[in-house]
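J.: My questions will all concern the structure given below.
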Amino acid sequence: MGSRLTVIIPVYNDSANLARCYRALSASTRLPDQVVVADDGSREPLPEPPAALAVQVLRLGSGPQGSAVARNRALREATGELIVFVDADVAVHPDALERLERLMDQSPTVAAAFGSYDDQPGDPHWVSRYKNLLHHWVHQHGAAEAGTFWTGLSVIRRDVIEALGGFDTGAGMVRDIELGMRMRRAGLRIRLAPEIQGTHLKRWTLARMLRSDIGDRAVPWTRMIVRSRRLPADLNLAQESRLAAALAWLMVGLLVAAIWQPLALVGALGAAACVALLHRRLYAFLFHHGGAAFALGSAALHLLYLLYSSATFALVAAHTLWRDRRQASPHEAASQDTQGGVSR
């Protein structure tokens, strides 16, 4: 009989964080039956796992090929009925695996579930703290019946992911979102369980955050949304966030107009106040976790996020629709010509 719980960890050049990930797993109240580490071509040696963990390391050769490839390869070695995905830079809380297993045992109609980062990020840099605390906040206030999936700390039934064919290796950094969309299209349930948490150890810089938010996440996610013709109303795409983004752009427009009409500055301040009002609980949360200076800096970063994420969505959506229409036009013309030939 196979083991019950398999943990899969993809890693690429992140040995220091993987060592902390190992230590957290070995301190779990429910130890995994199997841990499969998929090394995506790291150029540095991996740490030795604790004796308490049954770790199998897969070397994927020259890399990196991407975490989707790494996870799919690890799935071939999995023996558990439940597959837990943990990122190498996440230190799970001691009760996380136990809670994930209990949730799936008590909810047989749930196909997959995911947790949240905690509110104590591992890196002290203020951009890292803002980014991780924002992620924590979003997951803490998301709908329990989720419309997407997240592999930072999650569980899925092995028969489900095998039936779906694993991760789409062409989906880039949104491979977990794409898998979640396929699950929902198949009528499967995904549960957000924000009480199941881990500490995120990653260090963020402003440049890294922008590159990840725009290039790795917003661009491919927008393309998927446009082609699926379904706009989720949860997590980062909740109605509150959409309204705040519109107000942020109204503020920018009024600030530009204030060059010629100074009274427009009053409207810009009003729009900014409305954004602050919409996100007052988030900003209070940030204040509680870092004081006034941190909250003000984080509010500025959040306003920037609203602007560039919404601009990316609008531009990529327009371009995707235009390109898809252009690609479809020759086929439509050929179809019309064929039909015309037959009728004649």
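Within each chain, counting starts at residue 1; across the structure tokens, chains are named A, B, ... in the order shown, with ligands numbered 1 upward in that order.
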Tell me, as a PyMOL selection string, which residues lie within 7 Å of A:Ser15, counting only C-alpha atoms; anything in the same chain fewer than 4 positions away does not count.

T.: chain A and resi 19+46-47

J.: Hey, what does DSSP flag as strand (DSSP E or B) within stretch 194-262 of chain A? Can you give it to me as a ChimeraX atom specification?

T.: /A:194-200

J.: Excluding stretch 247-252 of chain A and residues on its chain fewer than 6 positions from it, collect all residues at most 12 Å away from it, counting only C-alpha atoms, and give them as a count of residues only.

T.: 32

J.: May I ask for the distance between atom CA of A:Val174 and atom CA of A:Gln65, given in Å to one decimal place?

T.: 14.6 Å

J.: Please determine, counting only C-alpha atoms, which residue among A:Leu31, A:Ile190, A:Ala88, A:Ile8 has the shortest atom-to-atom distance to A:Ser107.

T.: A:Ile190

J.: Identify, on the basis of only C-alpha atoms, every residue whose closest approach to A:Phe85 does not exceed 9 Å; exclude the query and any residue fewer than 6 positions from it along the same chain; express the result as a list of chain:residue names.

T.: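 My reading of the contact set: A:Thr6, A:Val7, A:Ile8, A:Ile9, A:Pro10, A:Arg71, A:Trp150, A:Thr151, A:Gly152, A:Leu153, A:Ser154, A:Val155, A:Ile156.
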
J.: Rounded to one decimal place, report the atom CA of A:Gly63-atom CA of A:Ser42 distance in Å.

T.: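 That distance, rounded to one decimal, is 7.2 Å.
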
J.: Out of A:Arg280, A:Arg223, A:Leu179, A:Pro49, which residue has the shortest atom-to-atom distance to A:Ala244 when counting only C-alpha atoms?

T.: A:Arg280
